[in-house]
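Have a look at the structure below, then the notes.
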Number of protein chains: 2
Amino acid sequence: MSIIFSKKCEYGLQAVLYLSSITESAVASADEISGKLRIPKEFVSKILQELTESGMVNSKKGKNGGFFLDKPVNQIKLMDIVQAIDGDSIFRTCVLGFPNCSNEAPCPVHETWSKLSKETFDMLNQETLDQFILKTKKKIQSIS
Amino acid sequence: MSIIFSKKCEYGLQAVLYLSSITESAVASADEISGKLRIPKEFVSKILQELTESGMVNSKKGKNGGFFLDKPVNQIKLMDIVQAIDGDSIFRTCVLGFPNCSNEAPCPVHETWSKLSKETFDMLNQETLDQFILKTKKKIQSIS
DNA sequence: TATTAATCGGAATTTTTACTCTGATATGTC
DNA sequence: GACATATCAGAGTAAAAATTCCGATTAATA
């Protein structure tokens, strides 16, 4: 079974996208997020706690509390979340798993993958959350 | 930690590439492959046994035995090995992990990823092992 | 025929990832 | 102040992936 990002990272990305899609500065509880995205509550709660440590997200305890983005949506990129959870190893290592794959010692698909890897990185690193809001809202609506 | 292919799949790809790089119809023991590729012997042995079941590879027991490709190198594609080990779920599921991501209910990066995903698939599915032989030999030499 | 060197099949183990539980603490509201 | 509803921290559990082990079988060769 192949994966691109760990489940943790997937859920983190989805949760942050969710937070970006609700009215600015609004808080959402783990319970709400879990319900809307259909992902395990305790798990997403734990993930958002971790993202709180990395400064992407902030939280408010107690009644009516929850999580909210700690930066303006035009200052957060999907890559920031990936970086915080899974790191960037996927963009630095060989697709085929060969050691020390580089321009000097390339694997058979090194050149092609380098290009695709870069484009994938750009996909996550060029746009900011605000540019996705409309699409995000639609996608989330389609879930429930 | 993100990955593209499971370790099993990575090792499988490497092992099959190795087999394609040695003189046609020559056999290589798990021990030889493990040594050349610096990957765990027992593990690669197990993986090649599985690929034997899928008909990509064949084996010869007993002294001087080992594994060898069961088809001509111009009839094997990297995707065949990926398919046999990891399947093609990576090319069919959402990068962000959203459920039912499709043209009808796309995630924020659906369009971009569709394109990249297809190109990655092509990378593995367009060329056959014979077209990689030179590069494969060089890469394997660079390891030892 | 004994020895040596392989794969084979299946189970066992280890490690990592995914996910849950619990008890503590904070906070808004009646 | 009591209560309900949150996060928080850390431990605990479950499941999956990675890796190893073992005993059986097979085959070349001395």
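Scheme for the structure tokens: letters A, B, ... for chains in order shown; per-chain residue numbers from 1; ligand numbers from 1 in order shown.
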
- Item | Interface list for chain B, partner chain D, 12 Å threshold, only C-alpha atoms (C1' of nucleotides), as a ChimeraX atom specification | /B:5-9,11,39-47,59-66

What residues in chain C have any atom no more than 7 Å from chain B when counting only C-alpha atoms (C1' of nucleotides), and can you write them as a tab-separated table (two decimals) with C-alpha atoms (C1' of nucleotides), in the first residue's frame?
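The resulting file, part_32.tsv, is reproduced below:
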```
chain	number	residue	atom	x	y	z
C	5	DA	C1'	23.93	-23.74	-1.10
C	6	DA	C1'	19.80	-22.31	-2.67
C	7	DT	C1'	14.44	-21.33	-2.49
```

- Would you mind reading off the distance between CA of Leu19 in chain A and CA of Phe68 in chain A, one decimal, in Å?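 Separating CA of Leu19 in chain A from CA of Phe68 in chain A is a distance of 6.2 Å.
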
- So which bits of range 50-143 of chain A end up alpha helix (DSSP H) when you DSSP the backbone, as a PyMOL selection string? chain A and resi 50-53+78-85+110-125+133-143

- Item | Test item: chain B residues at most 8 Å from chain A, counting only C-alpha atoms, as a ChimeraX atom specification | /B:1-7,10-11,13-14,85-87,89-90,95-99,105-109,112-113,116,119-120,123,132,135-136,138-139,142-143

- Message: To one decimal place in Å, what is the distance between CA of Phe121 in chain A and C1' of DA18 in chain C?
- Response: 25.5 Å
